[in-house]
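Trainee: So I've got this file, data.cif, and it contains mmCIF, C-alpha atoms:
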data_entry
#
loop_
_atom_site.label_atom_id
_atom_site.label_comp_id
_atom_site.auth_asym_id
_atom_site.auth_seq_id
_atom_site.Cartn_x
_atom_site.Cartn_y
_atom_site.Cartn_z
CA MET A 1 8.76 6.16 -1.30
CA LEU A 2 8.69 5.99 2.52
CA GLY A 3 12.40 6.79 2.51
CA GLN A 4 11.69 9.96 0.51
CA LEU A 5 8.71 11.10 2.54
CA GLY A 6 10.43 10.60 5.86
CA GLU A 7 8.91 9.98 9.25
CA ASP A 8 5.84 12.14 8.60
CA ALA A 9 4.44 9.49 6.29
CA LYS A 10 2.10 6.73 7.36
CA LEU A 11 1.02 3.62 5.54
CA LEU A 12 -2.72 3.23 5.03
CA ALA A 13 -3.88 -0.39 4.98
CA GLY A 14 -7.56 -1.06 5.77
CA GLY A 15 -7.82 2.29 7.54
CA GLN A 16 -10.25 1.02 10.17
CA SER A 17 -8.02 2.27 12.99
CA LEU A 18 -5.87 4.90 11.32
CA ILE A 19 -8.74 6.93 9.85
CA PRO A 20 -10.63 7.15 13.18
CA LEU A 21 -7.35 8.09 14.90
CA MET A 22 -6.77 10.83 12.33
CA LYS A 23 -10.28 12.19 12.89
CA LEU A 24 -9.50 12.43 16.60
CA ARG A 25 -6.16 14.08 15.73
CA PHE A 26 -4.34 11.34 17.63
CA ALA A 27 -2.58 10.66 14.35
CA ASN A 28 -1.59 13.57 12.16
CA PRO A 29 0.50 12.23 9.29
CA ARG A 30 1.62 14.68 6.62
CA HIS A 31 1.52 11.98 3.98
CA LEU A 32 -0.51 8.82 3.61
CA VAL A 33 0.68 6.04 1.35
CA ASP A 34 -2.33 3.96 0.35
CA LEU A 35 -1.49 0.27 0.03
CA ASN A 36 -4.93 -0.70 -1.25
CA PHE A 37 -4.20 -0.61 -4.95
CA ILE A 38 -1.12 -2.85 -4.91
CA ALA A 39 -1.95 -6.12 -6.65
CA GLY A 40 -0.90 -9.46 -5.19
CA THR A 41 -0.79 -8.40 -1.54
CA ALA A 42 -3.98 -10.20 -0.44
CA TYR A 43 -3.82 -13.99 -0.31
CA VAL A 44 -3.99 -17.05 1.94
CA LYS A 45 -1.63 -19.78 0.71
CA ASP A 46 -1.05 -23.25 2.01
CA ASP A 47 2.68 -23.73 1.52
CA ASP A 48 4.31 -26.91 2.80
CA GLY A 49 3.89 -26.72 6.55
CA VAL A 50 3.13 -23.04 6.73
CA LEU A 51 0.27 -20.73 5.93
CA ARG A 52 1.23 -17.53 4.13
CA LEU A 53 -1.09 -14.55 4.50
CA GLY A 54 -0.51 -11.43 2.45
CA ALA A 55 -0.38 -8.30 4.58
CA MET A 56 -3.38 -6.74 2.79
CA THR A 57 -5.62 -9.78 3.25
CA ARG A 58 -8.89 -8.54 4.75
CA HIS A 59 -10.29 -10.16 7.88
CA ALA A 60 -13.37 -11.16 5.83
CA GLU A 61 -11.18 -12.98 3.30
CA ILE A 62 -9.52 -14.96 6.08
CA GLU A 63 -12.95 -15.64 7.63
CA SER A 64 -14.17 -17.22 4.38
CA SER A 65 -10.87 -18.91 3.44
CA SER A 66 -11.17 -22.70 3.51
CA VAL A 67 -7.38 -22.91 3.89
CA ALA A 68 -7.27 -20.64 6.95
CA SER A 69 -10.34 -22.29 8.48
CA LYS A 70 -8.39 -25.55 8.84
CA ILE A 71 -6.73 -23.79 11.77
CA PRO A 72 -9.84 -23.04 13.84
CA ILE A 73 -8.19 -20.42 16.06
CA LEU A 74 -7.52 -18.29 12.95
CA HIS A 75 -11.18 -18.53 11.95
CA ASP A 76 -12.26 -17.60 15.50
CA CYS A 77 -10.23 -14.44 15.20
CA ALA A 78 -11.08 -13.43 11.64
CA ALA A 79 -14.81 -14.04 12.08
CA GLY A 80 -15.00 -12.21 15.38
CA ILE A 81 -13.16 -8.96 14.74
CA ALA A 82 -15.49 -5.96 15.06
CA ASP A 83 -18.34 -6.24 12.55
CA VAL A 84 -19.00 -7.14 8.91
CA GLN A 85 -18.13 -3.68 7.61
CA VAL A 86 -14.82 -3.46 9.46
CA ARG A 87 -13.90 -7.03 8.47
CA ASN A 88 -14.51 -6.12 4.82
CA ARG A 89 -11.84 -3.40 5.01
CA GLY A 90 -9.44 -4.18 7.87
CA THR A 91 -6.31 -6.22 7.13
CA ILE A 92 -4.15 -8.64 9.07
CA GLY A 93 -0.99 -6.69 8.22
CA GLY A 94 -2.50 -3.42 9.35
CA SER A 95 -3.66 -4.96 12.60
CA LEU A 96 -0.19 -6.32 13.44
CA ALA A 97 1.66 -3.20 12.34
CA GLU A 98 -0.60 -1.01 14.46
CA ALA A 99 0.13 -3.20 17.50
CA ASP A 100 -2.87 -2.00 19.46
CA PRO A 101 -2.71 -3.91 22.77
CA SER A 102 -6.42 -4.65 22.34
CA GLY A 103 -6.04 -5.88 18.75
CA ASP A 104 -7.05 -9.47 18.03
CA TRP A 105 -4.44 -10.76 15.56
CA GLY A 106 -1.42 -10.00 17.74
CA THR A 107 -2.85 -12.06 20.60
CA VAL A 108 -3.96 -15.00 18.46
CA LEU A 109 -0.73 -15.25 16.51
CA MET A 110 1.37 -15.10 19.69
CA ALA A 111 -0.12 -18.53 20.43
CA LEU A 112 1.11 -19.99 17.12
CA PRO A 113 4.69 -20.00 15.77
CA THR A 114 4.47 -16.91 13.56
CA GLN A 115 6.94 -14.85 11.62
CA VAL A 116 6.31 -11.55 9.89
CA ARG A 117 8.16 -10.65 6.73
CA CYS A 118 9.13 -7.05 6.28
CA LEU A 119 10.50 -5.15 3.31
CA GLY A 120 12.45 -1.90 3.39
CA SER A 121 15.14 0.05 1.63
CA SER A 122 17.79 -2.17 3.20
CA GLY A 123 16.13 -5.36 2.02
CA GLU A 124 13.85 -8.05 3.34
CA ARG A 125 13.80 -9.69 6.77
CA ALA A 126 11.68 -12.13 8.74
CA ILE A 127 11.00 -11.40 12.40
CA PRO A 128 9.38 -13.72 14.96
CA LEU A 129 6.11 -12.08 16.05
CA GLY A 130 7.23 -11.95 19.68
CA GLU A 131 10.16 -9.71 18.67
CA PHE A 132 8.10 -7.74 16.14
CA ILE A 133 5.64 -6.44 18.75
CA LYS A 134 7.76 -4.28 21.05
CA ASP A 135 5.23 -2.38 23.11
CA ALA A 136 1.84 -0.69 22.81
CA TYR A 137 1.57 0.71 19.26
CA THR A 138 5.27 -0.01 18.74
CA THR A 139 6.81 -2.59 16.44
CA ALA A 140 10.25 -3.45 15.11
CA LEU A 141 9.35 -1.84 11.76
CA GLY A 142 11.65 0.93 10.61
CA HIS A 143 9.94 4.03 9.23
CA ASP A 144 10.95 3.03 5.71
CA GLU A 145 9.82 -0.56 6.15
CA LEU A 146 6.51 -2.29 5.60
CA LEU A 147 5.06 -5.62 6.59
CA THR A 148 4.51 -7.82 3.54
CA GLU A 149 3.52 -11.27 4.76
CA VAL A 150 2.51 -13.20 7.85
CA VAL A 151 3.84 -16.76 7.98
CA VAL A 152 2.11 -19.12 10.41
CA SER A 153 3.42 -22.66 11.06
CA LYS A 154 0.60 -25.15 10.72
CA PRO A 155 -0.18 -26.95 13.98
CA PRO A 156 0.67 -30.68 13.94
CA LYS A 157 -1.88 -33.48 14.15
CA GLY A 158 -3.64 -33.70 17.49
CA SER A 159 -3.67 -29.91 17.89
CA GLY A 160 -6.60 -27.82 18.95
CA GLY A 161 -6.95 -24.13 19.62
CA ALA A 162 -9.49 -21.47 20.44
CA TYR A 163 -9.62 -17.71 20.67
CA ILE A 164 -12.26 -15.96 22.71
CA ALA A 165 -12.62 -12.23 23.08
CA PHE A 166 -15.18 -10.59 25.34
CA LYS A 167 -16.70 -7.39 24.02
CA ARG A 168 -19.44 -5.01 25.15
CA SER A 169 -20.74 -4.88 21.59
CA ALA A 170 -19.56 -5.96 18.15
CA PRO A 171 -17.77 -2.84 16.86
CA VAL A 172 -15.63 -2.18 19.95
CA TYR A 173 -12.29 -3.61 20.97
CA PRO A 174 -12.49 -6.50 23.44
CA THR A 175 -12.35 -5.97 27.19
CA ALA A 176 -10.09 -9.01 27.43
CA SER A 177 -9.19 -11.89 25.16
CA ALA A 178 -7.52 -15.29 25.39
CA ALA A 179 -5.91 -17.53 22.78
CA VAL A 180 -5.12 -21.15 23.67
CA GLN A 181 -3.35 -23.58 21.36
CA LEU A 182 -2.67 -27.15 22.54
CA ILE A 183 -0.92 -30.19 21.11
CA MET A 184 -2.48 -33.33 22.61
CA GLU A 185 -1.31 -36.93 22.45
CA ASP A 186 -3.44 -39.67 23.98
CA ASP A 187 -5.20 -37.18 26.25
CA VAL A 188 -1.89 -35.81 27.49
CA CYS A 189 -0.98 -32.22 26.72
CA LYS A 190 2.36 -32.19 24.91
CA GLN A 191 2.56 -28.47 24.23
CA ALA A 192 0.51 -25.49 25.34
CA ALA A 193 0.53 -21.88 24.26
CA ILE A 194 -1.62 -19.29 26.05
CA ALA A 195 -1.67 -15.67 24.89
CA LEU A 196 -3.73 -12.90 26.44
CA GLY A 197 -4.92 -9.65 24.94
CA CYS A 198 -6.01 -6.24 26.34
CA VAL A 199 -4.41 -6.97 29.70
CA GLY A 200 -0.97 -5.41 29.20
CA LEU A 201 0.91 -3.10 26.84
CA ALA A 202 1.35 -5.99 24.41
CA PRO A 203 -0.08 -9.51 24.12
CA ILE A 204 1.15 -11.57 27.07
CA ARG A 205 2.30 -15.20 26.91
CA ALA A 206 1.31 -16.84 30.19
CA GLY A 207 4.30 -19.17 30.59
CA ASP A 208 3.36 -20.44 34.06
CA ALA A 209 -0.17 -21.22 32.89
CA GLU A 210 1.26 -23.14 29.94
CA ALA A 211 3.55 -25.07 32.30
CA ALA A 212 0.52 -26.06 34.39
CA LEU A 213 -0.89 -27.90 31.38
CA ARG A 214 2.23 -29.27 29.72
CA GLY A 215 2.82 -32.99 30.25
CA GLN A 216 -0.49 -33.34 32.11
CA ARG A 217 -3.84 -34.97 31.59
CA ILE A 218 -5.87 -31.78 31.70
CA GLY A 219 -8.55 -31.87 34.37
CA GLU A 220 -10.19 -29.43 36.77
CA LYS A 221 -7.08 -29.12 38.91
CA GLN A 222 -4.76 -28.25 36.02
CA ILE A 223 -7.26 -25.76 34.63
CA ALA A 224 -7.61 -24.08 38.03
CA THR A 225 -3.82 -23.79 38.30
CA ALA A 226 -3.64 -22.37 34.75
CA MET A 227 -6.34 -19.81 35.63
CA ASP A 228 -4.45 -18.68 38.74
CA ALA A 229 -1.22 -18.43 36.77
CA THR A 230 -3.03 -16.45 34.04
CA GLN A 231 -4.35 -13.98 36.56
CA ALA A 232 -0.87 -13.58 38.06
CA ALA A 233 0.68 -12.98 34.63
CA VAL A 234 -1.51 -10.10 33.50
CA ASP A 235 -1.23 -6.39 34.20
CA PRO A 236 -4.54 -4.83 33.13
CA GLN A 237 -5.37 -1.14 33.37
CA SER A 238 -8.65 0.17 34.73
CA ASP A 239 -10.49 2.09 32.04
CA MET A 240 -13.97 2.58 30.63
CA ARG A 241 -14.11 -1.10 29.65
CA GLY A 242 -13.70 -2.26 33.23
CA SER A 243 -11.56 -2.16 36.33
CA ALA A 244 -8.24 -3.98 36.51
CA ASP A 245 -9.75 -6.52 38.94
CA TYR A 246 -12.68 -7.16 36.64
CA LYS A 247 -10.40 -7.74 33.65
CA ARG A 248 -8.15 -10.06 35.66
CA THR A 249 -11.14 -12.18 36.67
CA LEU A 250 -12.55 -12.10 33.15
CA VAL A 251 -9.35 -13.18 31.42
CA GLY A 252 -9.06 -16.17 33.77
CA ALA A 253 -12.56 -17.28 32.84
CA LEU A 254 -11.81 -16.81 29.13
CA VAL A 255 -8.71 -19.02 29.46
CA LYS A 256 -10.78 -21.72 31.14
CA ARG A 257 -13.34 -21.64 28.36
CA ALA A 258 -10.70 -21.56 25.63
CA ILE A 259 -8.84 -24.56 27.11
CA ASP A 260 -12.09 -26.54 27.08
CA ILE A 261 -12.80 -25.71 23.42
CA ALA A 262 -9.15 -26.30 22.41
CA MET A 263 -9.25 -29.80 23.97
CA ARG A 264 -12.53 -30.67 22.27
CA ARG A 265 -11.21 -29.48 18.94
CA ALA A 266 -8.00 -31.48 19.45
CA ARG A 267 -10.24 -34.55 19.73
CA GLY A 268 -11.77 -33.67 16.37
CA GLU A 269 -14.98 -32.14 17.65
CA GLN A 270 -16.42 -29.23 15.64
CA VAL A 271 -16.96 -26.35 18.02
CA GLU A 272 -18.27 -23.06 16.73
CA VAL A 273 -16.96 -20.12 18.65
CA SER A 274 -16.96 -16.44 18.03
CA HIS A 275 -16.36 -13.36 20.11
CA ILE A 276 -18.80 -13.03 22.94
CA TYR A 277 -20.71 -9.84 23.35
CA ALA A 278 -23.54 -8.79 25.55
CA MET B 279 -3.42 29.26 7.08
CA PRO B 280 -3.86 25.75 5.82
CA GLU B 281 -2.13 25.28 2.50
CA ALA B 282 -4.24 24.71 -0.61
CA ILE B 283 -4.83 21.04 -1.18
CA GLU B 284 -4.45 19.66 -4.65
CA LYS B 285 -7.52 17.85 -5.91
CA ILE B 286 -7.42 14.37 -7.38
CA ALA B 287 -9.56 13.18 -10.27
CA ILE B 288 -11.56 10.04 -9.60
CA GLN B 289 -14.08 8.03 -11.54
CA LEU B 290 -16.59 5.72 -9.96
CA LYS B 291 -20.06 4.33 -10.44
CA VAL B 292 -22.66 5.35 -7.89
CA ASN B 293 -25.96 3.50 -8.07
CA GLY B 294 -25.11 2.44 -11.61
CA LYS B 295 -24.33 5.97 -12.78
CA PRO B 296 -20.75 6.81 -13.85
CA CYS B 297 -19.35 9.88 -12.05
CA SER B 298 -16.14 11.82 -12.66
CA LEU B 299 -15.15 14.12 -9.85
CA GLN B 300 -12.27 16.17 -8.47
CA VAL B 301 -11.84 15.70 -4.72
CA GLU B 302 -9.39 16.64 -2.04
CA PRO B 303 -7.58 13.51 -0.85
CA ARG B 304 -8.87 14.09 2.70
CA THR B 305 -12.52 13.86 1.58
CA LEU B 306 -14.25 10.88 3.14
CA LEU B 307 -16.43 8.68 0.98
CA VAL B 308 -19.51 9.68 2.99
CA GLU B 309 -18.75 13.38 2.35
CA LEU B 310 -18.42 12.66 -1.36
CA LEU B 311 -21.82 10.99 -1.37
CA ARG B 312 -23.65 13.53 0.77
CA GLU B 313 -21.99 16.81 -0.16
CA HIS B 314 -20.69 16.35 -3.69
CA LEU B 315 -23.41 14.06 -5.06
CA ASP B 316 -26.34 15.19 -2.83
CA LEU B 317 -27.07 11.58 -1.88
CA THR B 318 -28.07 12.42 1.67
CA GLY B 319 -29.74 9.07 2.35
CA THR B 320 -26.40 7.82 3.66
CA HIS B 321 -26.20 9.15 7.20
CA VAL B 322 -23.38 10.09 9.53
CA GLY B 323 -24.15 8.84 13.00
CA CYS B 324 -21.06 8.57 15.15
CA ASP B 325 -18.22 9.37 12.75
CA THR B 326 -16.06 6.97 14.79
CA THR B 327 -16.52 3.67 12.88
CA TYR B 328 -19.02 2.43 15.43
CA CYS B 329 -22.63 2.92 14.42
CA GLY B 330 -22.87 1.83 10.78
CA ALA B 331 -25.39 4.54 9.77
CA CYS B 332 -23.03 5.41 6.89
CA THR B 333 -22.89 1.83 5.54
CA VAL B 334 -22.79 1.56 1.74
CA LEU B 335 -21.76 -1.23 -0.58
CA LEU B 336 -18.30 -0.97 -2.17
CA ASN B 337 -18.10 -3.49 -5.01
CA GLY B 338 -20.77 -5.54 -3.21
CA ALA B 339 -19.17 -5.42 0.25
CA ALA B 340 -20.68 -3.44 3.11
CA VAL B 341 -18.30 -0.74 4.36
CA LYS B 342 -18.54 2.24 6.68
CA SER B 343 -18.27 5.17 4.29
CA CYS B 344 -17.05 7.46 7.08
CA THR B 345 -13.96 5.25 7.38
CA MET B 346 -12.51 5.40 3.92
CA PHE B 347 -11.35 8.20 1.69
CA ALA B 348 -13.27 9.05 -1.46
CA VAL B 349 -10.11 8.64 -3.54
CA GLN B 350 -9.99 5.02 -2.39
CA ALA B 351 -13.27 4.41 -4.21
CA ASP B 352 -11.66 5.33 -7.55
CA GLY B 353 -12.81 2.73 -10.08
CA ALA B 354 -15.32 1.19 -7.67
CA GLU B 355 -19.06 0.61 -7.81
CA ILE B 356 -20.97 2.10 -4.90
CA LEU B 357 -24.52 1.29 -3.92
CA THR B 358 -26.37 3.61 -1.56
CA VAL B 359 -29.93 3.53 -0.25
CA GLU B 360 -30.99 5.75 -3.17
CA GLY B 361 -29.95 2.95 -5.54
CA LEU B 362 -32.23 0.33 -4.00
CA GLU B 363 -35.54 1.26 -5.60
CA LYS B 364 -36.11 0.51 -9.26
CA ASP B 365 -38.55 2.34 -11.56
CA GLY B 366 -40.32 3.91 -8.60
CA GLN B 367 -40.80 0.53 -6.93
CA LEU B 368 -39.33 -0.01 -3.49
CA HIS B 369 -36.75 -2.78 -3.23
CA PRO B 370 -38.09 -5.84 -1.32
CA ILE B 371 -35.71 -4.96 1.53
CA GLN B 372 -37.16 -1.45 1.77
CA LYS B 373 -40.70 -2.76 1.59
CA ALA B 374 -40.05 -5.36 4.29
CA PHE B 375 -38.63 -2.76 6.69
CA GLY B 376 -41.90 -0.84 6.33
CA ASP B 377 -44.21 -3.85 6.44
CA ALA B 378 -42.55 -5.41 9.50
CA TYR B 379 -42.24 -2.08 11.37
CA GLY B 380 -38.46 -2.42 11.23
CA LEU B 381 -37.93 1.30 11.77
CA GLN B 382 -39.09 4.17 13.92
CA CYS B 383 -36.97 7.29 13.46
CA GLY B 384 -35.24 5.83 10.43
CA TYR B 385 -31.80 7.29 11.05
CA CYS B 386 -30.01 3.94 11.07
CA THR B 387 -32.27 2.37 8.44
CA PRO B 388 -30.28 3.10 5.26
CA GLY B 389 -27.19 1.50 6.83
CA LEU B 390 -29.18 -1.48 8.08
CA MET B 391 -30.70 -2.00 4.64
CA LEU B 392 -27.29 -2.00 2.95
CA SER B 393 -25.93 -4.51 5.49
CA THR B 394 -29.04 -6.58 4.76
CA PHE B 395 -28.32 -6.29 1.04
CA GLN B 396 -24.85 -7.84 1.45
CA LEU B 397 -26.28 -10.59 3.66
CA LEU B 398 -29.13 -11.58 1.36
CA THR B 399 -26.94 -11.42 -1.74
CA ARG B 400 -24.61 -14.01 -0.22
CA ASN B 401 -27.03 -16.00 1.91
CA ARG B 402 -30.62 -16.21 0.71
CA GLN B 403 -31.97 -18.07 3.75
CA PRO B 404 -30.11 -16.80 6.79
CA THR B 405 -30.82 -18.05 10.28
CA ASP B 406 -31.70 -15.45 12.92
CA LYS B 407 -28.19 -15.90 14.30
CA GLU B 408 -26.69 -15.12 10.90
CA VAL B 409 -28.93 -12.07 10.63
CA ARG B 410 -27.74 -10.85 14.03
CA ARG B 411 -24.11 -11.30 13.01
CA ALA B 412 -24.73 -9.47 9.74
CA ILE B 413 -26.17 -6.38 11.45
CA ALA B 414 -23.89 -6.38 14.49
CA GLY B 415 -22.14 -3.33 13.03
CA ASN B 416 -25.35 -1.31 12.78
CA THR B 417 -26.53 0.46 15.88
CA CYS B 418 -30.20 1.30 16.36
CA ARG B 419 -31.18 3.39 19.38
CA CYS B 420 -34.97 3.53 19.10
CA THR B 421 -36.57 0.64 17.22
CA GLY B 422 -34.60 -2.11 18.88
CA TYR B 423 -33.55 -5.10 16.85
CA GLN B 424 -36.49 -7.52 17.07
CA ASN B 425 -38.54 -5.95 14.30
CA VAL B 426 -35.42 -5.32 12.25
CA ILE B 427 -34.67 -9.03 12.32
CA LYS B 428 -38.29 -9.78 11.39
CA ALA B 429 -38.02 -7.32 8.51
CA ILE B 430 -34.84 -8.96 7.22
CA GLN B 431 -36.42 -12.41 7.37
CA LEU B 432 -39.51 -11.06 5.58
CA ALA B 433 -37.27 -9.58 2.89
CA ALA B 434 -35.48 -12.92 2.54
CA GLN B 435 -38.85 -14.64 2.02
CA ASN B 436 -40.05 -12.06 -0.47
CA MET B 437 -36.82 -12.25 -2.44
CA LYS B 438 -37.04 -16.02 -2.88
CA GLY B 439 -36.90 -16.85 -6.55
CA ALA B 440 -36.04 -13.25 -7.41
#
Could you express the structure from this file as structure tokens?
Mentor:
Amino acid sequence: MLGQLGEDAKLLAGGQSLIPLMKLRFANPRHLVDLNFIAGTAYVKDDDGVLRLGAMTRHAEIESSSVASKIPILHDCAAGIADVQVRNRGTIGGSLAEADPSGDWGTVLMALPTQVRCLGSSGERAIPLGEFIKDAYTTALGHDELLTEVVVSKPPKGSGGAYIAFKRSAPVYPTASAAVQLIMEDDVCKQAAIALGCVGLAPIRAGDAEAALRGQRIGEKQIATAMDATQAAVDPQSDMRGSADYKRTLVGALVKRAIDIAMRRARGEQVEVSHIYA
Amino acid sequence: MPEAIEKIAIQLKVNGKPCSLQVEPRTLLVELLREHLDLTGTHVGCDTTYCGACTVLLNGAAVKSCTMFAVQADGAEILTVEGLEKDGQLHPIQKAFGDAYGLQCGYCTPGLMLSTFQLLTRNRQPTDKEVRRAIAGNTCRCTGYQNVIKAIQLAAQNMKGA
């Protein structure tokens, strides 16, 4: 169908971004293809080492999924996006395919090994998320392709993660966000993934900050080094949500807080966390 | 000249009443409710998916009716503020908003009451924190939220055993 309609067609998933963009005339598609009535596209499945999420799975369904909640960073994200009403409509596939640099799922899933499965006229393919998100609002999807499934590798034993987004109020996009996923072994950090949102044209992996934690017993010194490396890795823009300096400071503090929660969760502690808003 | 837009036939239940309508695909759900069905209790506040004044229930889930197309509600059950009262009796949520002074100008109230409806259907004894989370997508610019939270807790109490 997309092949027939050409590049003037857009896919409508939850519509919580596309419809507002159309009202503002930022998006002006000639055709909309509504994905909401296709059966079997919303699910969360535990499948031998991976979690499979159907593209049309609503944030609210992920929030209440006992399977997804076993990976706390996924619950942090799903339960914190916008507000109840938006979470009842918005979908994980729509969020990734839109690739808004302030979106939550792109940032969170950059901190976990994630592949997206896509289907088009030339067949099916799986793309690592880091290659799928190309730039702001730009993905590897062809115009006749759609995202069908998100496949997340389950973190091994001893893992802990946290996602924190800072917002001015519930319905708005975050000012900055940080996702931290750690693998700990006897108090030593074996693996660290740190992804940052809203502070570049796409989610940013802070490699130097990860290196500051890897192989270390994480203490104040390592966290301070990771914060500095985080702040060096980001490239925020000044806008109505805050100045570039403010966002750089904020994202460092979010990383610090997320590392703390990730470590506590890795030790088996239950920590409730949700987006922070004033 | 904009070209003529073909209308699409939809069927849905609004406040328990079956409706068959012909709508342009660009019609928003809130326009369907207010302009085609004269249910003007559902308000348009911001029209940018922020304020929640247009909140209605779609198959039991709170949604912003300014952010979905009417054709997407084909086959669905919609509940609006007009569907809350029964036989001339205010719903306990409506009564509680009055009794606890949970409104001043009332513009955001229908949306707040529908968000409350989803909350109390799924969680009969919410904590204040859960109430705050449930209404985080509803903006009030004059009453403030303290009395709204009191009203929701009063409604929860009054609905016990209901």
Trainee: Using all atoms listed in the file, pick whichever of B:Gly330, B:Gly415, B:Gly353, B:Pro404 has the shortest atom-to-atom distance to chain A.
Mentor: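 Answer, going by the shortest atom-to-atom distance: B:Gly415.
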Trainee: The PyMOL selection byres ((chain A) within 10 of (chain B)) on the file shown: which residues, as an NGL selection string?
Mentor: :A and (14-21 or 23-24 or 32 or 34 or 36-37 or 60 or 79-80 or 82-89 or 169-172)
Trainee: Using Å and a single decimal, report how far atom CA of B:Thr358 sits from atom CA of B:His321.
Mentor: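 Calculated distance between atom CA of B:His321 and atom CA of B:Thr358 is 10.4 Å.
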Trainee: Within 12 Å of (-23.7, 14.3, 0.5) (file coordinates; only C-alpha atoms), which protein or nucleic acid residues are there? I'd like them as a ChimeraX atom specification.
Mentor: /B:305-322,332,343-344,348,358,360
Trainee: What does the distance between atom CA of B:Leu432 and atom CA of B:Thr405 come to in Å, to one decimal place?
Mentor: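 Result for atom CA of B:Leu432 versus atom CA of B:Thr405: 12.1 Å, one decimal.
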